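Contents: one structure, followed by commentary.
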There are 2 protein chains.
Amino acid sequence: MTTGEPPLPPGLALAWGLAPAARRGPKPAHSVERIVEAALTLADEDGFSALSLPKIASRVGVTTNALYRYVSSKEELLVLLADAAWGPAPESLSRDDWRDAATGWVHAALDRCRVHPWLLDLPVHGAPATPNLLDWLEKLLESMAKTGLPMPDILGCAVLLDGYARSVAKLARDLHETTTPPIQSAAVASFLQPLLVERGYPILASMMSGGQYEDDDELPEADVEFGLTRILDGIEVQVRRCV
Amino acid sequence: MTTGEPPLPPGLALAWGLAPAARRGPKPAHSVERIVEAALTLADEDGFSALSLPKIASRVGVTTNALYRYVSSKEELLVLLADAAWGPAPESLSRDDWRDAATGWVHAALDRCRVHPWLLDLPVHGAPATPNLLDWLEKLLESMAKTGLPMPDILGCAVLLDGYARSVAKLARDLHETTTPPIQSAAVASFLQPLLVERGYPILASMMSGGQYEDDDELPEADVEFGLTRILDGIEVQVRRCV
DNA sequence: TACAATTAGTGTATGCCATGCACAGTTTCT
DNA sequence: AGAAACTGTGCATGGCATACACTAATTGTA
């Protein structure tokens, strides 16, 4: 089964722990795990944009090019990094109630995105194919399978919920992690306010003058819950319809 | 009203057409619009990752550094680029039926993401604040206002629908624009199949062997509609509840 | 046991990139 | 007429991913 030279996407073989089993030559002083771990803490500390091979290498204590002995490209490293950062999917999802299970899954995903905000910056090429990512997907599919919906609908629900978790996480992060000292926020507001009125954007204008335009630290839990409840309600409509 | 030196985020003033009104010196040979347009066609042709100041400059016919006379940083240019690529929001949304209006908005957004797939790669810092982006947001808010829900819920629905449009567009793009000659897709499948069975992922395994794992060119329209219908149904539940 | 094959990590180099600074030429206000 | 201000260019810096050649270490084999 271990084909000689499979044309697999980068990182797949490594992610599943299939090392090439070397023979001659010195033993590697380090390991892919060590490198991924270094990359992970670096990303946690300095963010995704600061994640560079030179910096990772210096953490591990080797030259930049030494990394290429373990990983064939930065892209491959990022695949492994994503899998490591997501980690295994939650085990404790409700076994009976699909709403509880889905809610648990979404909250767990949001939690991962809070722990590693740069997860939302990692480029995605193709469907998930590494162990932990598939674990998350499987758990979500299992949750939705409890609805009794036909398979294609289960997939559709999974796509919907996964997308929701990611977009809410990204929104929360983009809105308040970056450049928003409240001073600037106020400056933007007073800059935009007259323009909005003048150009005929009544709702936006009233929202801004209404004052409560998202000035909390994070997207408040209530807002997350609102969207999630809409989605679950919508799924439930379909479930009842199908029974 | 034109404050002396407002501490606004990059690109805002430019995006709203507030030029600093120069006095002495030669007149600029080009314009911000020309530069943004060059960037836009470059991105359309070669993708977001190929978008660099040198390449844009050479299209315009100037040195790289000349761009800095029009734009203070690459980040600022990207803000303008996003606004230009989204363009004005659709005018022809239903005036009576909020479901039709929302559906029209989502389809229009998906269309923009099909025309300029790199829109999904543009970094986002903070809430939208440029004319076209606010136009899109206002139109969506107007659509949801027709539900009669209270203002915070309207915003919640808008976030939900906007997030859905983006995640579906991204999914469609990532799944089939990148590295998926069907040969490789098949290689991945046969690589994963035994692993999935062995490690206890029954649903994923059955989906893969089921054969119809997303091998269409784009996420089929039916799948887009499925998620959208769930969301709208879920909102409708809330609407009925509130009346 | 000695050699040859193979491998790990280093050094050096290439061609990108965003951005800063100094300068020359041009335009316009005083 | 002169000074001030602005435009575009040239040159330079530091960062990046990655390629290639090399040295040193290790191990299977003759």
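Residues in the structure tokens are numbered from 1 in each chain, the chains being A, B, ... in the order shown, and ligands are numbered from 1 in the order shown.
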
query = Contacts of DA24 in chain D at 10 Å or less, counting only C-alpha atoms (C1' of nucleotides), minus same-chain residues fewer than 5 places along, as a list in words?
reply = Pro26 of chain A; DA8 and DG9 of chain C

key: Interface list for chain D, partner chain A, 12 Å threshold, only C-alpha atoms (C1' of nucleotides), as a list in words   =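 Filtering chain D at 12 Å from chain A with only C-alpha atoms (C1' of nucleotides) gives DG15, DC16, DA17, DT18, DA19, DC20, DA24, DA25, DT26, DT27, DG28 and DT29 of chain D.
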
Counting only C-alpha atoms, what are the residues of chain B within 6 Å of chain A, and for each of them which pair of atoms is the nearest and at what distance in Å, to one decimal? Sort the table by chain and rising number, as CSV.
residue,atom,partner,partner_atom,distance
B:His125,CA,A:Asp174,CA,5.4
B:Gly126,CA,A:Leu175,CA,4.3
B:Ala127,CA,A:Leu175,CA,5.9
B:Leu160,CA,A:Gly227,CA,5.9
B:Gly163,CA,A:Ser167,CA,5.3
B:Ser167,CA,A:Gly163,CA,5.3
B:Asp174,CA,A:Gly126,CA,5.4
B:Leu175,CA,A:Gly126,CA,4.3
B:Gly227,CA,A:Leu160,CA,5.9
B:Arg230,CA,A:Gly234,CA,4.2
B:Ile231,CA,A:Ile231,CA,5.2
B:Asp233,CA,A:Gly234,CA,4.6
B:Gly234,CA,A:Gly234,CA,3.7
B:Ile235,CA,A:Arg230,CA,5.5

ask   = Using only C-alpha atoms (C1' of nucleotides), which chain C residues lie at most 12 Å away from chain A, written as number ranges by chain?
value = C: 4-12

task = Report the distance between CA of Asp46 in chain A and CA of Pro117 in chain A in Å, rounded to one decimal place.
result = 10.9 Å

Transformed chain B, reference chain A, full Cα set in order, as an mmCIF file with C-alpha atoms, in the first residue's frame:
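Writing done, so here's selection00.cif:
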data_model
loop_
_atom_site.group_PDB
_atom_site.id
_atom_site.type_symbol
_atom_site.label_atom_id
_atom_site.label_comp_id
_atom_site.auth_asym_id
_atom_site.auth_seq_id
_atom_site.Cartn_x
_atom_site.Cartn_y
_atom_site.Cartn_z
ATOM 1 C CA MET B 1 0.605 -0.117 0.747
ATOM 2 C CA THR B 2 3.434 2.407 0.993
ATOM 3 C CA THR B 3 3.542 3.342 -2.631
ATOM 4 C CA GLY B 4 6.854 4.285 -4.144
ATOM 5 C CA GLU B 5 6.201 7.860 -5.134
ATOM 6 C CA PRO B 6 2.611 8.954 -4.732
ATOM 7 C CA PRO B 7 1.706 12.337 -6.245
ATOM 8 C CA LEU B 8 0.076 13.512 -3.042
ATOM 9 C CA PRO B 9 -0.398 17.141 -2.079
ATOM 10 C CA PRO B 10 2.336 18.525 0.139
ATOM 11 C CA GLY B 11 2.354 17.507 3.759
ATOM 12 C CA LEU B 12 -0.153 14.716 3.513
ATOM 13 C CA ALA B 13 2.239 11.849 3.972
ATOM 14 C CA LEU B 14 4.023 13.630 6.795
ATOM 15 C CA ALA B 15 0.791 14.554 8.504
ATOM 16 C CA TRP B 16 -0.226 10.908 8.660
ATOM 17 C CA GLY B 17 3.127 9.967 10.145
ATOM 18 C CA LEU B 18 4.504 8.174 7.151
ATOM 19 C CA ALA B 19 8.204 8.937 7.299
ATOM 20 C CA PRO B 20 10.375 7.783 4.435
ATOM 21 C CA ALA B 21 12.496 5.533 6.733
ATOM 22 C CA ALA B 22 15.996 6.594 5.932
ATOM 23 C CA ARG B 23 18.940 4.296 5.890
ATOM 24 C CA ARG B 24 22.392 5.707 5.594
ATOM 25 C CA GLY B 25 23.720 9.010 6.849
ATOM 26 C CA PRO B 26 23.551 10.831 10.146
ATOM 27 C CA LYS B 27 20.373 10.753 12.124
ATOM 28 C CA PRO B 28 18.357 13.948 12.051
ATOM 29 C CA ALA B 29 19.100 16.068 15.079
ATOM 30 C CA HIS B 30 15.549 17.331 15.221
ATOM 31 C CA SER B 31 12.092 16.350 14.044
ATOM 32 C CA VAL B 32 9.162 17.646 12.084
ATOM 33 C CA GLU B 33 7.188 17.820 15.322
ATOM 34 C CA ARG B 34 9.814 20.056 16.909
ATOM 35 C CA ILE B 35 9.730 22.359 13.914
ATOM 36 C CA VAL B 36 5.955 22.529 13.804
ATOM 37 C CA GLU B 37 5.904 23.243 17.506
ATOM 38 C CA ALA B 38 8.387 26.079 17.084
ATOM 39 C CA ALA B 39 6.291 27.496 14.269
ATOM 40 C CA LEU B 40 3.200 27.238 16.410
ATOM 41 C CA THR B 41 4.580 29.161 19.361
ATOM 42 C CA LEU B 42 6.079 31.722 17.016
ATOM 43 C CA ALA B 43 2.713 32.262 15.366
ATOM 44 C CA ASP B 44 1.045 32.530 18.749
ATOM 45 C CA GLU B 45 3.516 35.154 19.852
ATOM 46 C CA ASP B 46 4.012 37.241 16.751
ATOM 47 C CA GLY B 47 1.140 36.437 14.433
ATOM 48 C CA PHE B 48 0.882 34.830 11.068
ATOM 49 C CA SER B 49 2.623 37.549 9.109
ATOM 50 C CA ALA B 50 5.741 37.124 11.227
ATOM 51 C CA LEU B 51 5.906 33.429 10.490
ATOM 52 C CA SER B 52 8.993 32.961 8.350
ATOM 53 C CA LEU B 53 11.349 30.075 7.805
ATOM 54 C CA PRO B 54 14.373 31.994 9.112
ATOM 55 C CA LYS B 55 12.601 32.785 12.369
ATOM 56 C CA ILE B 56 11.359 29.258 12.813
ATOM 57 C CA ALA B 57 14.796 27.888 12.077
ATOM 58 C CA SER B 58 16.474 30.116 14.598
ATOM 59 C CA ARG B 59 14.034 28.935 17.256
ATOM 60 C CA VAL B 60 14.887 25.356 16.511
ATOM 61 C CA GLY B 61 18.553 26.285 16.487
ATOM 62 C CA VAL B 62 19.417 25.469 12.911
ATOM 63 C CA THR B 63 19.992 27.219 9.623
ATOM 64 C CA THR B 64 17.049 28.193 7.526
ATOM 65 C CA ASN B 65 17.890 25.661 4.906
ATOM 66 C CA ALA B 66 18.106 22.841 7.388
ATOM 67 C CA LEU B 67 14.328 23.036 7.592
ATOM 68 C CA TYR B 68 14.142 21.819 4.042
ATOM 69 C CA ARG B 69 15.511 18.475 5.249
ATOM 70 C CA TYR B 70 12.290 17.994 7.170
ATOM 71 C CA VAL B 71 9.769 19.793 5.051
ATOM 72 C CA SER B 72 9.760 20.357 1.350
ATOM 73 C CA SER B 73 8.314 23.856 1.336
ATOM 74 C CA LYS B 74 6.748 26.461 3.513
ATOM 75 C CA GLU B 75 3.369 25.427 2.192
ATOM 76 C CA GLU B 76 3.883 21.915 3.493
ATOM 77 C CA LEU B 77 4.845 23.243 6.891
ATOM 78 C CA LEU B 78 1.668 25.292 6.996
ATOM 79 C CA VAL B 79 -0.421 22.211 6.307
ATOM 80 C CA LEU B 80 1.151 20.485 9.271
ATOM 81 C CA LEU B 81 0.806 23.615 11.349
ATOM 82 C CA ALA B 82 -2.911 23.852 10.694
ATOM 83 C CA ASP B 83 -3.415 20.273 11.725
ATOM 84 C CA ALA B 84 -1.385 20.750 14.888
ATOM 85 C CA ALA B 85 -3.126 23.973 15.875
ATOM 86 C CA TRP B 86 -6.627 22.601 15.475
ATOM 87 C CA GLY B 87 -5.693 19.513 17.399
ATOM 88 C CA PRO B 88 -8.186 16.721 17.945
ATOM 89 C CA ALA B 89 -11.883 17.497 17.745
ATOM 90 C CA PRO B 90 -13.937 17.643 20.935
ATOM 91 C CA GLU B 91 -14.998 14.287 22.337
ATOM 92 C CA SER B 92 -17.798 15.371 24.588
ATOM 93 C CA LEU B 93 -20.493 16.291 22.115
ATOM 94 C CA SER B 94 -24.028 15.364 22.979
ATOM 95 C CA ARG B 95 -24.935 11.894 21.849
ATOM 96 C CA ASP B 96 -28.687 12.398 21.573
ATOM 97 C CA ASP B 97 -29.498 15.983 20.705
ATOM 98 C CA TRP B 98 -28.157 17.215 17.392
ATOM 99 C CA ARG B 99 -28.672 20.841 18.397
ATOM 100 C CA ASP B 100 -26.533 20.413 21.479
ATOM 101 C CA ALA B 101 -23.936 18.544 19.522
ATOM 102 C CA ALA B 102 -23.740 21.191 16.813
ATOM 103 C CA THR B 103 -23.644 23.963 19.377
ATOM 104 C CA GLY B 104 -20.825 22.240 21.199
ATOM 105 C CA TRP B 105 -18.888 21.780 17.988
ATOM 106 C CA VAL B 106 -19.220 25.415 16.992
ATOM 107 C CA HIS B 107 -18.155 26.637 20.403
ATOM 108 C CA ALA B 108 -15.172 24.318 20.382
ATOM 109 C CA ALA B 109 -14.155 25.624 16.973
ATOM 110 C CA LEU B 110 -14.521 29.213 18.113
ATOM 111 C CA ASP B 111 -12.368 28.375 21.074
ATOM 112 C CA ARG B 112 -9.585 27.069 18.855
ATOM 113 C CA CYS B 113 -9.766 30.272 16.827
ATOM 114 C CA ARG B 114 -9.470 32.293 19.983
ATOM 115 C CA VAL B 115 -6.410 30.326 21.081
ATOM 116 C CA HIS B 116 -4.730 30.554 17.671
ATOM 117 C CA PRO B 117 -6.179 33.536 15.848
ATOM 118 C CA TRP B 118 -3.748 33.052 12.959
ATOM 119 C CA LEU B 119 -5.606 29.850 12.084
ATOM 120 C CA LEU B 120 -7.961 32.082 10.155
ATOM 121 C CA ASP B 121 -5.089 33.347 8.017
ATOM 122 C CA LEU B 122 -3.744 29.998 6.940
ATOM 123 C CA PRO B 123 -4.252 29.455 3.235
ATOM 124 C CA VAL B 124 -6.541 26.586 2.341
ATOM 125 C CA HIS B 125 -5.964 24.465 -0.721
ATOM 126 C CA GLY B 126 -8.570 21.837 -1.335
ATOM 127 C CA ALA B 127 -10.633 19.795 1.063
ATOM 128 C CA PRO B 128 -9.244 18.870 4.484
ATOM 129 C CA ALA B 129 -7.095 15.765 4.361
ATOM 130 C CA THR B 130 -4.996 15.729 7.543
ATOM 131 C CA PRO B 131 -5.914 13.665 10.603
ATOM 132 C CA ASN B 132 -7.105 16.330 12.979
ATOM 133 C CA LEU B 133 -8.964 18.308 10.365
ATOM 134 C CA LEU B 134 -10.765 15.177 9.285
ATOM 135 C CA ASP B 135 -11.500 14.442 12.924
ATOM 136 C CA TRP B 136 -13.226 17.798 13.247
ATOM 137 C CA LEU B 137 -15.163 17.216 10.083
ATOM 138 C CA GLU B 138 -16.197 13.701 11.062
ATOM 139 C CA LYS B 139 -17.441 14.892 14.438
ATOM 140 C CA LEU B 140 -19.488 17.575 12.809
ATOM 141 C CA LEU B 141 -20.922 15.135 10.304
ATOM 142 C CA GLU B 142 -21.773 12.753 13.132
ATOM 143 C CA SER B 143 -23.581 15.539 14.925
ATOM 144 C CA MET B 144 -25.636 16.395 11.886
ATOM 145 C CA ALA B 145 -26.289 12.766 11.079
ATOM 146 C CA LYS B 146 -28.411 12.681 14.228
ATOM 147 C CA THR B 147 -30.926 14.846 12.420
ATOM 148 C CA GLY B 148 -31.847 11.898 10.236
ATOM 149 C CA LEU B 149 -31.491 14.013 7.120
ATOM 150 C CA PRO B 150 -30.206 12.398 3.930
ATOM 151 C CA MET B 151 -26.462 12.422 3.374
ATOM 152 C CA PRO B 152 -26.189 15.387 0.999
ATOM 153 C CA ASP B 153 -28.145 17.526 3.429
ATOM 154 C CA ILE B 154 -25.879 16.453 6.250
ATOM 155 C CA LEU B 155 -22.928 17.662 4.262
ATOM 156 C CA GLY B 156 -24.738 20.880 3.484
ATOM 157 C CA CYS B 157 -25.395 21.486 7.164
ATOM 158 C CA ALA B 158 -21.778 20.778 8.008
ATOM 159 C CA VAL B 159 -20.570 23.263 5.432
ATOM 160 C CA LEU B 160 -23.004 25.795 6.791
ATOM 161 C CA LEU B 161 -21.956 25.411 10.419
ATOM 162 C CA ASP B 162 -18.252 25.259 9.690
ATOM 163 C CA GLY B 163 -18.524 28.360 7.569
ATOM 164 C CA TYR B 164 -20.446 30.114 10.289
ATOM 165 C CA ALA B 165 -17.885 29.312 12.951
ATOM 166 C CA ARG B 166 -15.072 30.564 10.785
ATOM 167 C CA SER B 167 -16.747 33.751 9.673
ATOM 168 C CA VAL B 168 -17.831 34.689 13.160
ATOM 169 C CA ALA B 169 -14.352 34.012 14.477
ATOM 170 C CA LYS B 170 -12.800 36.064 11.710
ATOM 171 C CA LEU B 171 -15.216 38.892 12.206
ATOM 172 C CA ALA B 172 -14.550 39.008 15.917
ATOM 173 C CA ARG B 173 -10.838 39.003 15.337
ATOM 174 C CA ASP B 174 -10.731 41.514 12.500
ATOM 175 C CA LEU B 175 -13.040 43.912 14.217
ATOM 176 C CA HIS B 176 -11.154 44.279 17.436
ATOM 177 C CA GLU B 177 -7.725 42.770 17.271
ATOM 178 C CA THR B 178 -6.329 45.165 14.743
ATOM 179 C CA THR B 179 -6.219 48.911 14.569
ATOM 180 C CA THR B 180 -8.914 50.038 16.905
ATOM 181 C CA PRO B 181 -7.861 52.242 19.706
ATOM 182 C CA PRO B 182 -11.220 53.790 20.548
ATOM 183 C CA ILE B 183 -9.839 57.188 19.601
ATOM 184 C CA GLN B 184 -9.476 56.155 16.013
ATOM 185 C CA SER B 185 -12.801 54.417 16.074
ATOM 186 C CA ALA B 186 -14.378 57.688 17.118
ATOM 187 C CA ALA B 187 -12.464 59.568 14.444
ATOM 188 C CA VAL B 188 -13.778 57.212 11.788
ATOM 189 C CA ALA B 189 -17.288 57.566 13.097
ATOM 190 C CA SER B 190 -17.263 61.328 13.013
ATOM 191 C CA PHE B 191 -15.647 61.246 9.608
ATOM 192 C CA LEU B 192 -18.254 58.915 8.174
ATOM 193 C CA GLN B 193 -21.345 60.223 9.898
ATOM 194 C CA PRO B 194 -21.960 63.235 7.635
ATOM 195 C CA LEU B 195 -21.051 61.270 4.530
ATOM 196 C CA LEU B 196 -23.545 58.563 5.360
ATOM 197 C CA VAL B 197 -26.365 60.982 5.913
ATOM 198 C CA GLU B 198 -25.518 62.969 2.809
ATOM 199 C CA ARG B 199 -25.283 59.966 0.499
ATOM 200 C CA GLY B 200 -28.470 58.372 1.683
ATOM 201 C CA TYR B 201 -27.498 55.487 3.929
ATOM 202 C CA PRO B 202 -30.146 55.905 6.603
ATOM 203 C CA ILE B 203 -29.718 52.627 8.417
ATOM 204 C CA LEU B 204 -25.974 52.824 8.691
ATOM 205 C CA ALA B 205 -26.199 56.426 9.775
ATOM 206 C CA SER B 206 -28.684 55.638 12.477
ATOM 207 C CA MET B 207 -26.645 52.698 13.629
ATOM 208 C CA MET B 208 -23.574 54.826 13.997
ATOM 209 C CA SER B 209 -25.306 57.611 15.802
ATOM 210 C CA GLY B 210 -27.098 54.961 17.816
ATOM 211 C CA GLY B 211 -23.748 54.655 19.467
ATOM 212 C CA GLN B 212 -23.532 50.971 20.174
ATOM 213 C CA TYR B 213 -21.543 50.029 17.090
ATOM 214 C CA GLU B 214 -19.611 47.027 18.262
ATOM 215 C CA ASP B 215 -17.370 48.613 20.801
ATOM 216 C CA ASP B 216 -16.948 45.533 22.932
ATOM 217 C CA ASP B 217 -13.702 43.649 23.189
ATOM 218 C CA GLU B 218 -14.983 40.625 21.373
ATOM 219 C CA LEU B 219 -18.070 39.872 19.455
ATOM 220 C CA PRO B 220 -20.304 39.271 22.455
ATOM 221 C CA GLU B 221 -21.425 35.745 23.068
ATOM 222 C CA ALA B 222 -25.021 36.814 22.482
ATOM 223 C CA ASP B 223 -24.276 37.726 18.867
ATOM 224 C CA VAL B 224 -22.614 34.405 18.235
ATOM 225 C CA GLU B 225 -25.627 32.675 19.675
ATOM 226 C CA PHE B 226 -28.040 34.691 17.568
ATOM 227 C CA GLY B 227 -26.645 33.504 14.258
ATOM 228 C CA LEU B 228 -26.190 29.974 15.472
ATOM 229 C CA THR B 229 -29.768 29.778 16.665
ATOM 230 C CA ARG B 230 -31.028 31.001 13.290
ATOM 231 C CA ILE B 231 -29.034 28.304 11.534
ATOM 232 C CA LEU B 232 -30.186 25.557 13.862
ATOM 233 C CA ASP B 233 -33.775 26.719 13.592
ATOM 234 C CA GLY B 234 -33.492 26.652 9.845
ATOM 235 C CA ILE B 235 -32.108 23.152 9.902
ATOM 236 C CA GLU B 236 -34.863 22.097 12.243
ATOM 237 C CA VAL B 237 -37.464 23.319 9.799
ATOM 238 C CA GLN B 238 -35.965 21.016 7.227
ATOM 239 C CA VAL B 239 -35.762 18.126 9.686
ATOM 240 C CA ARG B 240 -39.440 18.390 10.548
ATOM 241 C CA ARG B 241 -40.294 18.663 6.901
ATOM 242 C CA CYS B 242 -38.406 15.476 6.082
ATOM 243 C CA VAL B 243 -39.837 13.315 8.811
#
